[in-house]
file query-v7.cif (mmCIF, C-alpha atoms)
data_my_file
#
loop_
_atom_site.group_PDB
_atom_site.id
_atom_site.type_symbol
_atom_site.label_atom_id
_atom_site.label_comp_id
_atom_site.auth_asym_id
_atom_site.auth_seq_id
_atom_site.Cartn_x
_atom_site.Cartn_y
_atom_site.Cartn_z
ATOM 1 C CA ARG A 1 -30.555 20.160 28.991
ATOM 2 C CA ILE A 2 -27.628 21.311 31.045
ATOM 3 C CA HIS A 3 -28.298 23.959 33.534
ATOM 4 C CA PRO A 4 -26.527 27.270 32.650
ATOM 5 C CA SER A 5 -24.817 27.376 36.035
ATOM 6 C CA THR A 6 -23.395 23.895 35.487
ATOM 7 C CA HIS A 7 -22.145 24.817 32.015
ATOM 8 C CA ARG A 8 -20.507 27.944 33.444
ATOM 9 C CA SER A 9 -18.720 25.957 36.208
ATOM 10 C CA VAL A 10 -17.374 23.406 33.712
ATOM 11 C CA HIS A 11 -16.076 26.221 31.488
ATOM 12 C CA LEU A 12 -14.315 27.844 34.446
ATOM 13 C CA HIS A 13 -12.775 24.528 35.434
ATOM 14 C CA ILE A 14 -11.330 24.056 31.929
ATOM 15 C CA ILE A 15 -9.905 27.585 31.946
ATOM 16 C CA ASN A 16 -8.291 27.018 35.356
ATOM 17 C CA ALA A 17 -6.743 23.739 34.142
ATOM 18 C CA LYS A 18 -5.243 25.450 31.071
ATOM 19 C CA GLN A 19 -3.856 28.263 33.202
ATOM 20 C CA SER A 20 -2.382 25.777 35.653
ATOM 21 C CA LYS A 21 -0.740 23.853 32.784
ATOM 22 C CA GLN A 22 0.705 27.060 31.312
ATOM 23 C CA ALA A 23 2.038 28.062 34.731
ATOM 24 C CA LYS A 24 3.745 24.682 35.115
ATOM 25 C CA GLU A 25 5.352 25.005 31.676
ATOM 26 C CA VAL A 26 6.633 28.493 32.504
ATOM 27 C CA MET A 27 8.069 27.269 35.804
ATOM 28 C CA LEU A 28 9.716 24.266 34.093
ATOM 29 C CA LYS A 29 11.228 26.507 31.405
ATOM 30 C CA SER A 30 12.613 28.924 33.982
ATOM 31 C CA THR A 31 14.030 26.006 35.977
ATOM 32 C CA LEU A 32 15.821 24.648 32.887
ATOM 33 C CA GLU A 33 17.263 28.067 32.034
ATOM 34 C CA GLU A 34 18.477 28.513 35.605
ATOM 35 C CA SER A 35 20.116 25.064 35.677
ATOM 36 C CA GLN A 36 21.857 25.710 32.330
ATOM 37 C CA PHE A 37 23.136 29.053 33.606
ATOM 38 C CA ASN A 38 24.482 27.547 36.856
ATOM 39 C CA ASP A 39 26.148 24.609 35.073
ATOM 40 C CA ALA A 40 27.673 26.703 32.283
ATOM 41 C CA PRO A 41 31.320 25.992 33.369
ATOM 42 C CA PHE A 42 30.675 22.258 32.918
ATOM 43 C CA GLN A 43 29.286 22.497 29.396
ATOM 44 C CA THR A 44 32.597 21.499 27.860
ATOM 45 C CA SER A 45 32.799 18.359 29.975
ATOM 46 C CA VAL A 46 29.371 17.076 28.943
ATOM 47 C CA ASN A 47 30.657 15.836 25.600
ATOM 48 C CA THR A 48 33.468 13.968 27.307
ATOM 49 C CA ALA A 49 31.017 11.455 28.763
ATOM 50 C CA ASP A 50 30.828 8.059 27.141
ATOM 51 C CA PRO A 51 28.122 8.390 24.448
ATOM 52 C CA PHE A 52 27.581 4.624 24.414
ATOM 53 C CA GLN A 53 26.901 4.337 28.160
ATOM 54 C CA PRO A 54 24.729 7.316 29.189
ATOM 55 C CA GLN A 55 23.156 7.594 32.613
ATOM 56 C CA GLN A 56 19.396 7.284 32.849
ATOM 57 C CA ALA A 57 17.217 9.583 34.868
ATOM 58 C CA ASN A 58 14.125 8.470 36.794
ATOM 59 C CA GLY A 59 11.279 7.799 34.420
ATOM 60 C CA GLY A 60 13.314 8.497 31.259
ATOM 61 C CA ALA A 61 15.174 6.681 28.521
ATOM 62 C CA ALA A 62 18.819 7.115 27.647
ATOM 63 C CA ALA A 63 19.765 9.207 24.633
ATOM 64 C CA PRO A 64 23.138 9.682 22.952
ATOM 65 C CA GLY A 65 25.492 12.385 24.136
ATOM 66 C CA GLY A 66 24.676 12.112 27.831
ATOM 67 C CA PHE A 67 21.077 13.452 27.524
ATOM 68 C CA THR A 68 17.848 11.851 28.719
ATOM 69 C CA GLN A 69 14.566 11.958 26.871
ATOM 70 C CA ASP A 70 11.690 12.315 29.332
ATOM 71 C CA PHE A 71 8.436 10.805 28.108
ATOM 72 C CA GLY A 72 6.258 12.118 30.871
ATOM 73 C CA GLN A 73 2.702 13.193 30.529
ATOM 74 C CA GLY A 74 2.683 15.614 27.628
ATOM 75 C CA ASN A 75 6.301 16.659 28.150
ATOM 76 C CA ASN A 76 8.784 15.859 25.363
ATOM 77 C CA THR A 77 11.546 18.237 26.417
ATOM 78 C CA THR A 78 15.148 17.005 26.389
ATOM 79 C CA GLN A 79 16.944 17.521 29.689
ATOM 80 C CA PRO A 80 20.771 17.502 29.824
ATOM 81 C CA GLN A 81 22.361 15.327 32.470
ATOM 82 C CA PHE A 82 25.341 17.097 34.020
ATOM 83 C CA SER A 83 25.807 14.784 36.962
ATOM 84 C CA GLY A 84 28.028 12.303 35.075
ATOM 85 C CA ALA A 85 30.355 15.021 33.797
ATOM 86 C CA MET A 86 30.526 16.726 37.177
ATOM 87 C CA ASP A 87 31.258 13.456 38.969
ATOM 88 C CA GLY A 88 33.986 12.580 36.460
ATOM 89 C CA GLN A 89 35.626 15.981 36.845
ATOM 90 C CA GLN A 90 35.469 15.765 40.638
ATOM 91 C CA MET A 91 37.018 12.293 40.548
ATOM 92 C CA GLN A 92 39.854 13.597 38.374
ATOM 93 C CA MET A 93 40.441 16.478 40.774
ATOM 94 C CA GLN A 94 40.365 14.197 43.812
ATOM 95 C CA GLN A 95 42.541 11.455 42.288
ATOM 96 C CA PRO A 96 46.154 12.002 43.453
ATOM 97 C CA GLN A 97 48.911 11.901 40.915
ATOM 98 C CA GLN A 98 51.134 8.844 41.086
ATOM 99 C CA GLN A 99 54.595 9.907 42.068
ATOM 100 C CA GLN A 100 57.757 7.875 41.828
ATOM 101 C CA PRO A 101 59.156 6.873 45.220
ATOM 102 C CA SER A 102 62.299 8.678 46.245
ATOM 103 C CA GLY A 103 64.876 8.429 48.974
ATOM 104 C CA PRO A 104 65.143 5.192 50.943
ATOM 105 C CA PHE A 105 61.962 3.802 49.373
ATOM 106 C CA ALA A 106 63.507 3.921 45.891
ATOM 107 C CA PHE A 107 66.652 2.195 47.171
ATOM 108 C CA CYS A 108 64.582 -0.522 48.861
ATOM 109 C CA GLY A 109 62.617 -0.996 45.643
ATOM 110 C CA LYS A 110 65.809 -1.531 43.672
ATOM 111 C CA CYS A 111 67.048 -3.986 46.289
ATOM 112 C CA MET A 112 63.814 -5.975 46.086
ATOM 113 C CA GLN A 113 64.272 -6.327 42.325
ATOM 114 C CA ALA A 114 67.376 -8.400 43.030
ATOM 115 C CA PHE A 115 65.114 -11.198 44.344
ATOM 116 C CA SER A 116 62.928 -11.293 41.220
ATOM 117 C CA MET A 117 63.642 -13.850 38.498
ATOM 118 C CA ASP A 118 62.426 -11.449 35.809
ATOM 119 C CA THR A 119 65.382 -9.192 36.594
ATOM 120 C CA TYR A 120 67.891 -11.864 35.525
ATOM 121 C CA ARG A 121 65.944 -13.404 32.661
ATOM 122 C CA ALA A 122 67.328 -11.035 30.021
ATOM 123 C CA TYR A 123 70.926 -11.783 31.059
ATOM 124 C CA PHE A 124 70.494 -15.524 30.430
ATOM 125 C CA ASP A 125 68.943 -15.069 26.980
ATOM 126 C CA ILE A 126 72.044 -15.800 24.897
ATOM 127 C CA ASP A 127 73.041 -18.346 22.252
ATOM 128 C CA ALA A 128 75.784 -20.962 22.455
ATOM 129 C CA ASP A 129 77.612 -19.293 19.553
ATOM 130 C CA ASP A 130 77.786 -16.013 21.485
ATOM 131 C CA ILE A 131 79.152 -17.828 24.542
ATOM 132 C CA ALA A 132 81.800 -19.537 22.436
ATOM 133 C CA ASN A 133 82.793 -16.234 20.821
ATOM 134 C CA ARG A 134 83.149 -14.553 24.214
ATOM 135 C CA MET A 135 85.180 -17.411 25.651
ATOM 136 C CA LYS A 136 87.512 -17.307 22.655
ATOM 137 C CA SER A 137 87.962 -13.546 22.963
ATOM 138 C CA ALA A 138 88.657 -13.842 26.716
ATOM 139 C CA LEU A 139 91.605 -16.141 25.926
ATOM 140 C CA VAL A 140 92.917 -14.408 22.798
ATOM 141 C CA ASP A 141 92.026 -10.706 23.032
ATOM 142 C CA PHE A 142 92.529 -10.162 26.761
ATOM 143 C CA TYR A 143 95.288 -7.578 26.161
ATOM 144 C CA LYS A 144 93.293 -5.289 23.828
ATOM 145 C CA PRO A 145 91.945 -2.125 25.503
ATOM 146 C CA GLU A 146 88.153 -2.310 25.889
ATOM 147 C CA TYR A 147 87.896 -4.765 23.002
ATOM 148 C CA PHE A 148 86.063 -7.447 24.957
ATOM 149 C CA ARG A 149 83.607 -4.956 26.468
ATOM 150 C CA ASN A 150 82.784 -2.907 23.371
ATOM 151 C CA GLU A 151 83.384 -5.230 20.401
ATOM 152 C CA VAL A 152 82.508 -8.680 21.762
ATOM 153 C CA VAL A 153 80.003 -8.186 24.596
ATOM 154 C CA GLY A 154 78.549 -4.750 23.925
ATOM 155 C CA VAL A 155 77.547 -2.151 26.453
ATOM 156 C CA GLN A 156 73.867 -2.546 25.502
ATOM 157 C CA ARG A 157 71.859 -5.100 23.561
ATOM 158 C CA THR A 158 71.881 -4.387 19.813
ATOM 159 C CA GLU A 159 71.230 -6.364 16.625
ATOM 160 C CA SER A 160 74.813 -7.648 16.463
ATOM 161 C CA LEU A 161 75.799 -7.635 20.163
ATOM 162 C CA LYS A 162 73.770 -9.206 22.952
ATOM 163 C CA GLY A 163 75.156 -7.085 25.785
ATOM 164 C CA PRO A 164 76.504 -8.364 29.122
ATOM 165 C CA ASP A 165 75.276 -11.774 30.240
ATOM 166 C CA LEU A 166 75.376 -13.868 33.396
ATOM 167 C CA TYR A 167 75.011 -17.269 31.771
ATOM 168 C CA GLY A 168 78.677 -17.590 30.830
ATOM 169 C CA PRO A 169 80.110 -16.273 34.128
ATOM 170 C CA PHE A 170 77.834 -18.545 36.150
ATOM 171 C CA TRP A 171 78.738 -21.762 34.355
ATOM 172 C CA ILE A 172 82.427 -20.895 34.074
ATOM 173 C CA THR A 173 82.543 -20.374 37.834
ATOM 174 C CA MET A 174 80.619 -23.569 38.623
ATOM 175 C CA THR A 175 82.774 -25.602 36.243
ATOM 176 C CA LEU A 176 85.974 -24.216 37.686
ATOM 177 C CA ILE A 177 84.825 -25.055 41.220
ATOM 178 C CA PHE A 178 84.517 -28.769 40.408
ATOM 179 C CA PHE A 179 87.721 -28.786 38.374
ATOM 180 C CA VAL A 180 89.693 -27.189 41.210
ATOM 181 C CA ALA A 181 88.250 -29.645 43.738
ATOM 182 C CA ALA A 182 89.100 -32.628 41.514
ATOM 183 C CA THR A 183 92.540 -31.537 40.301
ATOM 184 C CA SER A 184 93.687 -30.442 43.758
ATOM 185 C CA ASN A 185 93.019 -33.940 45.087
ATOM 186 C CA MET A 186 94.754 -35.459 42.071
ATOM 187 C CA HIS A 187 97.687 -33.136 42.673
ATOM 188 C CA ALA A 188 97.922 -34.309 46.280
ATOM 189 C CA TYR A 189 97.643 -37.951 45.202
ATOM 190 C CA LEU A 190 100.463 -37.735 42.653
ATOM 191 C CA HIS A 191 102.782 -35.960 45.088
ATOM 192 C CA ARG A 192 102.404 -38.526 47.847
ATOM 193 C CA SER A 193 104.704 -41.462 48.271
ATOM 194 C CA ASP A 194 102.325 -43.403 50.508
ATOM 195 C CA VAL A 195 99.369 -43.580 48.121
ATOM 196 C CA GLU A 196 97.752 -46.336 50.187
ATOM 197 C CA GLU A 197 96.937 -43.852 52.918
ATOM 198 C CA PHE A 198 95.535 -41.192 50.557
ATOM 199 C CA GLU A 199 92.006 -39.998 51.266
ATOM 200 C CA TYR A 200 89.896 -37.696 49.113
ATOM 201 C CA ASP A 201 89.506 -34.312 50.793
ATOM 202 C CA ILE A 202 85.952 -33.030 50.347
ATOM 203 C CA ASN A 203 86.933 -29.740 51.948
ATOM 204 C CA HIS A 204 88.604 -28.727 48.686
ATOM 205 C CA LEU A 205 85.140 -28.477 47.124
ATOM 206 C CA LEU A 206 83.891 -26.202 49.890
ATOM 207 C CA HIS A 207 86.989 -24.030 49.814
ATOM 208 C CA ALA A 208 86.882 -23.768 46.031
ATOM 209 C CA SER A 209 83.206 -22.755 46.134
ATOM 210 C CA SER A 210 83.753 -19.968 48.635
ATOM 211 C CA THR A 211 86.936 -18.690 46.967
ATOM 212 C CA LEU A 212 85.739 -18.650 43.361
ATOM 213 C CA CYS A 213 82.259 -17.313 44.141
ATOM 214 C CA PHE A 214 83.854 -14.506 46.110
ATOM 215 C CA VAL A 215 86.134 -13.616 43.180
ATOM 216 C CA ALA A 216 83.448 -13.939 40.495
ATOM 217 C CA PHE A 217 80.549 -12.200 42.242
ATOM 218 C CA ALA A 218 81.542 -10.513 45.503
ATOM 219 C CA ILE A 219 84.620 -8.611 44.301
ATOM 220 C CA PRO A 220 82.893 -6.992 41.275
ATOM 221 C CA THR A 221 79.928 -6.112 43.474
ATOM 222 C CA LEU A 222 82.198 -4.433 46.029
ATOM 223 C CA LEU A 223 84.093 -2.681 43.236
ATOM 224 C CA TRP A 224 80.854 -1.381 41.702
ATOM 225 C CA PHE A 225 79.579 -0.215 45.095
ATOM 226 C CA THR A 226 82.869 1.601 45.712
ATOM 227 C CA THR A 227 82.707 3.353 42.347
ATOM 228 C CA GLN A 228 79.152 4.471 43.090
ATOM 229 C CA CYS A 229 80.175 5.883 46.453
ATOM 230 C CA LEU A 230 83.117 7.726 44.878
ATOM 231 C CA GLY A 231 81.005 9.124 42.050
ATOM 232 C CA LEU A 232 82.640 7.038 39.293
ATOM 233 C CA ASN A 233 79.610 6.042 37.259
ATOM 234 C CA SER A 234 81.631 4.055 34.750
ATOM 235 C CA LEU A 235 80.230 0.543 34.410
ATOM 236 C CA GLN A 236 77.057 -1.213 35.416
ATOM 237 C CA LEU A 237 77.116 -3.993 37.974
ATOM 238 C CA VAL A 238 76.216 -6.668 35.424
ATOM 239 C CA GLU A 239 79.103 -5.536 33.202
ATOM 240 C CA MET A 240 81.624 -5.977 35.998
ATOM 241 C CA VAL A 241 80.242 -9.390 36.937
ATOM 242 C CA CYS A 242 80.339 -10.431 33.280
ATOM 243 C CA ILE A 243 83.983 -9.375 32.830
ATOM 244 C CA TYR A 244 85.095 -10.975 36.103
ATOM 245 C CA GLY A 245 83.273 -14.193 35.235
ATOM 246 C CA TYR A 246 84.911 -14.572 31.842
ATOM 247 C CA SER A 247 88.294 -13.633 33.333
ATOM 248 C CA LEU A 248 88.277 -16.938 35.261
ATOM 249 C CA LEU A 249 88.326 -18.907 32.017
ATOM 250 C CA PRO A 250 92.178 -19.122 31.754
ATOM 251 C CA PHE A 251 92.259 -20.968 35.082
ATOM 252 C CA ILE A 252 90.425 -23.976 33.622
ATOM 253 C CA PRO A 253 93.361 -25.241 31.528
ATOM 254 C CA ALA A 254 95.798 -24.034 34.198
ATOM 255 C CA VAL A 255 94.362 -26.267 36.922
ATOM 256 C CA PHE A 256 94.749 -29.325 34.706
ATOM 257 C CA LEU A 257 98.408 -28.456 34.166
ATOM 258 C CA CYS A 258 98.807 -28.307 37.928
ATOM 259 C CA ILE A 259 98.232 -32.065 38.070
ATOM 260 C CA ILE A 260 101.710 -32.623 36.653
ATOM 261 C CA PRO A 261 103.904 -33.640 39.615
ATOM 262 C CA PHE A 262 106.414 -30.832 39.222
ATOM 263 C CA GLY A 263 106.162 -27.762 41.418
ATOM 264 C CA LEU A 264 107.476 -25.397 38.755
ATOM 265 C CA VAL A 265 104.682 -26.313 36.345
ATOM 266 C CA SER A 266 101.939 -25.283 38.769
ATOM 267 C CA TRP A 267 103.709 -21.979 39.422
ATOM 268 C CA ILE A 268 104.002 -21.159 35.724
ATOM 269 C CA ALA A 269 100.464 -22.274 34.879
ATOM 270 C CA LEU A 270 98.831 -20.300 37.666
ATOM 271 C CA LEU A 271 100.968 -17.222 36.976
ATOM 272 C CA ALA A 272 100.036 -17.252 33.288
ATOM 273 C CA ALA A 273 96.333 -17.685 34.091
ATOM 274 C CA THR A 274 96.460 -14.864 36.654
ATOM 275 C CA ALA A 275 98.182 -12.544 34.151
ATOM 276 C CA MET A 276 95.599 -13.234 31.443
ATOM 277 C CA SER A 277 92.719 -12.841 33.892
ATOM 278 C CA ALA A 278 94.064 -9.585 35.317
ATOM 279 C CA GLY A 279 94.762 -8.293 31.801
ATOM 280 C CA LEU A 280 91.151 -8.826 30.750
ATOM 281 C CA ILE A 281 89.881 -7.005 33.832
ATOM 282 C CA VAL A 282 92.327 -4.108 33.733
ATOM 283 C CA ARG A 283 91.981 -3.548 29.990
ATOM 284 C CA ASN A 284 88.175 -3.390 30.099
ATOM 285 C CA ILE A 285 87.300 -1.899 33.507
ATOM 286 C CA VAL A 286 90.123 0.511 34.301
ATOM 287 C CA PRO A 287 89.760 2.691 31.137
ATOM 288 C CA ALA A 288 86.094 3.313 31.910
ATOM 289 C CA MET A 289 86.927 4.263 35.504
ATOM 290 C CA MET A 290 89.736 6.570 34.370
ATOM 291 C CA ALA A 291 87.417 8.293 31.896
ATOM 292 C CA SER A 292 84.832 8.997 34.604
ATOM 293 C CA ASP A 293 87.434 10.231 37.121
ATOM 294 C CA VAL A 294 87.779 13.965 36.560
ATOM 295 C CA THR A 295 90.499 14.522 39.160
ATOM 296 C CA ASN A 296 92.469 11.326 38.332
ATOM 297 C CA SER A 297 92.849 10.628 42.031
ATOM 298 C CA LYS A 298 90.342 7.825 42.629
ATOM 299 C CA ALA A 299 90.609 5.509 39.625
ATOM 300 C CA PRO A 300 94.365 4.749 40.025
ATOM 301 C CA ALA A 301 93.835 3.592 43.597
ATOM 302 C CA LEU A 302 90.962 1.333 42.531
ATOM 303 C CA SER A 303 93.068 -0.067 39.687
ATOM 304 C CA LEU A 304 95.819 -0.914 42.130
ATOM 305 C CA ALA A 305 93.270 -2.562 44.424
ATOM 306 C CA VAL A 306 92.081 -4.734 41.514
ATOM 307 C CA LEU A 307 95.636 -5.933 40.860
ATOM 308 C CA VAL A 308 96.249 -6.593 44.554
ATOM 309 C CA CYS A 309 93.078 -8.682 44.798
ATOM 310 C CA HIS A 310 94.156 -10.754 41.810
ATOM 311 C CA GLY A 311 97.600 -11.254 43.335
ATOM 312 C CA ILE A 312 96.002 -12.520 46.551
ATOM 313 C CA PHE A 313 93.787 -14.812 44.487
ATOM 314 C CA PHE A 314 96.885 -16.314 42.841
ATOM 315 C CA LEU A 315 98.494 -17.015 46.207
ATOM 316 C CA VAL A 316 95.307 -18.624 47.526
ATOM 317 C CA MET A 317 95.055 -20.877 44.481
ATOM 318 C CA LYS A 318 98.677 -21.939 44.769
ATOM 319 C CA PHE A 319 99.097 -22.489 48.506
ATOM 320 C CA ARG A 320 95.575 -23.655 49.296
ATOM 321 C CA PHE A 321 94.984 -26.142 46.488
ATOM 322 C CA TYR A 322 98.226 -26.935 44.677
ATOM 323 C CA HIS A 323 100.903 -26.853 47.331
ATOM 324 C CA TYR A 324 102.029 -30.117 48.816
ATOM 325 C CA LYS A 325 104.478 -30.227 51.667
ATOM 326 C CA ALA A 326 106.075 -33.616 52.141
ATOM 327 C CA LYS A 327 106.082 -35.027 55.633
ATOM 328 C CA LYS A 328 109.477 -35.472 57.218
#
call {"tool": "encode", "arguments": {"input": "query-v7.cif", "output": "structure tokens"}}
result
Amino acid sequence: RIHPSTHRSVHLHIINAKQSKQAKEVMLKSTLEESQFNDAPFQTSVNTADPFQPQQANGGAAAPGGFTQDFGQGNNTTQPQFSGAMDGQQMQMQQPQQQQPSGPFAFCGKCMQAFSMDTYRAYFDIDADDIANRMKSALVDFYKPEYFRNEVVGVQRTESLKGPDLYGPFWITMTLIFFVAATSNMHAYLHRSDVEEFEYDINHLLHASSTLCFVAFAIPTLLWFTTQCLGLNSLQLVEMVCIYGYSLLPFIPAVFLCIIPFGLVSWIALLAATAMSAGLIVRNIVPAMMASDVTNSKAPALSLAVLVCHGIFFLVMKFRFYHYKAKK
């Protein structure tokens, strides 16, 4: 038999254990209610957590929706995890917004794009048929106002028009450089009486490279920069380079005519090529500059400068490459 005092002490111990367990449950319930009340502003952000990658609490297993099921001793309550949502919202608040660079940084960024091959890739994506069509139009339709720019090249790339390119201007310029170097030496050879003492002048190749590259690439770049400084946002840089490059095409047959040992032929051939080249440039660039000039005081001066530059180019071609002065 169990002594009555022992039975009484065991009964009191059981009662104290039940009361202690009830007190713990009440404290846990009050703690949960207090945490839900304090985190009420973040309730909407709980559902934004990734339901497939919930965070696990210590001693618990992950449950969908950002909650953790605690399988402790006799406790099957579901506790919400607000730490992931709070951390995500704090990271969004602390993450600075990406702003586009402005001022000198934007200008430097645009300048750095000039050294990237991806910048020029789109301007070399053109078919041989398109190149042939543009070369034909540069020789035949050079006098039509804005025909070459709008109807043959296109201001932007569309289904029918490929837009301005650099493939044609580049190869036209390179081809003309070698033709000028070769024909100028042939011109000097045919105009000499003492052909035994003739020597090929390699300097013609260097002079032709510097002259033609300056006309095809430097002059349109300077013209575009001037229009930007004057507020004449008429044409893009690639458009001007494209038009100037194709405008050199009439000089290719002209330099072969300069081989003929008659001084008048070289004058006529170079004058005709200069007129066709200047006509293509003036008819396609000047109207756009005039349309963007509100006061009509800046575009006429630039148009005159374009004609003067082409006149100087004609004189350089004639007296530097195809002018032979007989020795007395």
call {"tool": "closest_residue", "arguments": {"input": "query-v7.cif", "among": "A:Gly154, A:Gly245, A:Gly279, A:Pro261", "to": "A:Ala216", "atoms": "all atoms listed in the file"}}
result
A:Gly245
call {"tool": "closest_residue", "arguments": {"input": "query-v7.cif", "among": "A:Arg320, A:Thr227, A:Ala288, A:Ala272", "to": "A:Leu206", "atoms": "all atoms listed in the file"}}
result
A:Arg320
call {"tool": "resolve_selection", "arguments": {"input": "query-v7.cif", "expression": "the PyMOL selection byres ((chain A and resi 276) around 8)", "output": "PyMOL selection string"}}
result
chain A and resi 139+142-143+247+250+272-275+277-280
call {"tool": "atom_distance", "arguments": {"input": "query-v7.cif", "atom1": "atom CA of A:Asp141", "atom2": "atom CA of A:Leu232"}}
result
25.8 Å
call {"tool": "closest_residue", "arguments": {"input": "query-v7.cif", "among": "A:Phe314, A:Ile172, A:Phe217, A:His323", "to": "A:Asn185", "atoms": "only C-alpha atoms"}}
result
A:His323
call {"tool": "decode", "arguments": {"input": "query-v7.cif", "residues": "stretch 270-288 of chain A", "atoms": "N, CA and C atoms", "output": "CSV table (one decimal), in the first residue's frame"}}
result
chain,number,residue,atom,x,y,z
A,270,LEU,N,37.5,65.6,-114.1
A,270,LEU,CA,37.4,65.9,-112.7
A,270,LEU,C,36.4,66.9,-112.4
A,271,LEU,N,36.1,67.9,-113.3
A,271,LEU,CA,35.0,68.8,-113.1
A,271,LEU,C,33.7,68.2,-113.1
A,272,ALA,N,33.4,67.2,-114.0
A,272,ALA,CA,32.2,66.5,-114.1
A,272,ALA,C,32.0,65.7,-112.8
A,273,ALA,N,33.0,65.0,-112.4
A,273,ALA,CA,32.9,64.2,-111.2
A,273,ALA,C,32.7,65.0,-109.9
A,274,THR,N,33.3,66.2,-109.9
A,274,THR,CA,33.1,67.1,-108.7
A,274,THR,C,31.7,67.6,-108.7
A,275,ALA,N,31.1,68.0,-109.9
A,275,ALA,CA,29.8,68.5,-110.0
A,275,ALA,C,28.8,67.4,-109.6
A,276,MET,N,28.9,66.2,-110.0
A,276,MET,CA,28.0,65.1,-109.6
A,276,MET,C,28.1,64.8,-108.1
A,277,SER,N,29.3,64.8,-107.6
A,277,SER,CA,29.5,64.5,-106.2
A,277,SER,C,28.9,65.7,-105.3
A,278,ALA,N,29.2,66.9,-105.7
A,278,ALA,CA,28.6,68.0,-104.9
A,278,ALA,C,27.1,68.1,-105.0
A,279,GLY,N,26.6,67.7,-106.2
A,279,GLY,CA,25.1,67.6,-106.4
A,279,GLY,C,24.5,66.6,-105.5
A,280,LEU,N,25.1,65.5,-105.3
A,280,LEU,CA,24.5,64.4,-104.4
A,280,LEU,C,24.5,64.9,-103.0
A,281,ILE,N,25.6,65.6,-102.6
A,281,ILE,CA,25.7,66.1,-101.2
A,281,ILE,C,24.7,67.2,-100.9
A,282,VAL,N,24.7,68.2,-101.8
A,282,VAL,CA,23.8,69.4,-101.6
A,282,VAL,C,22.4,69.0,-101.7
A,283,ARG,N,22.0,68.1,-102.6
A,283,ARG,CA,20.6,67.8,-102.8
A,283,ARG,C,20.0,66.9,-101.6
A,284,ASN,N,20.9,66.3,-100.9
A,284,ASN,CA,20.4,65.4,-99.8
A,284,ASN,C,20.7,65.9,-98.4
A,285,ILE,N,21.7,66.8,-98.2
A,285,ILE,CA,22.1,67.2,-96.9
A,285,ILE,C,21.5,68.6,-96.7
A,286,VAL,N,21.6,69.5,-97.6
A,286,VAL,CA,21.2,70.9,-97.5
A,286,VAL,C,19.7,71.0,-97.2
A,287,PRO,N,18.8,70.3,-97.9
A,287,PRO,CA,17.4,70.5,-97.5
A,287,PRO,C,17.1,70.2,-96.1
A,288,ALA,N,17.7,69.1,-95.5
A,288,ALA,CA,17.5,68.8,-94.1
A,288,ALA,C,18.0,69.9,-93.2
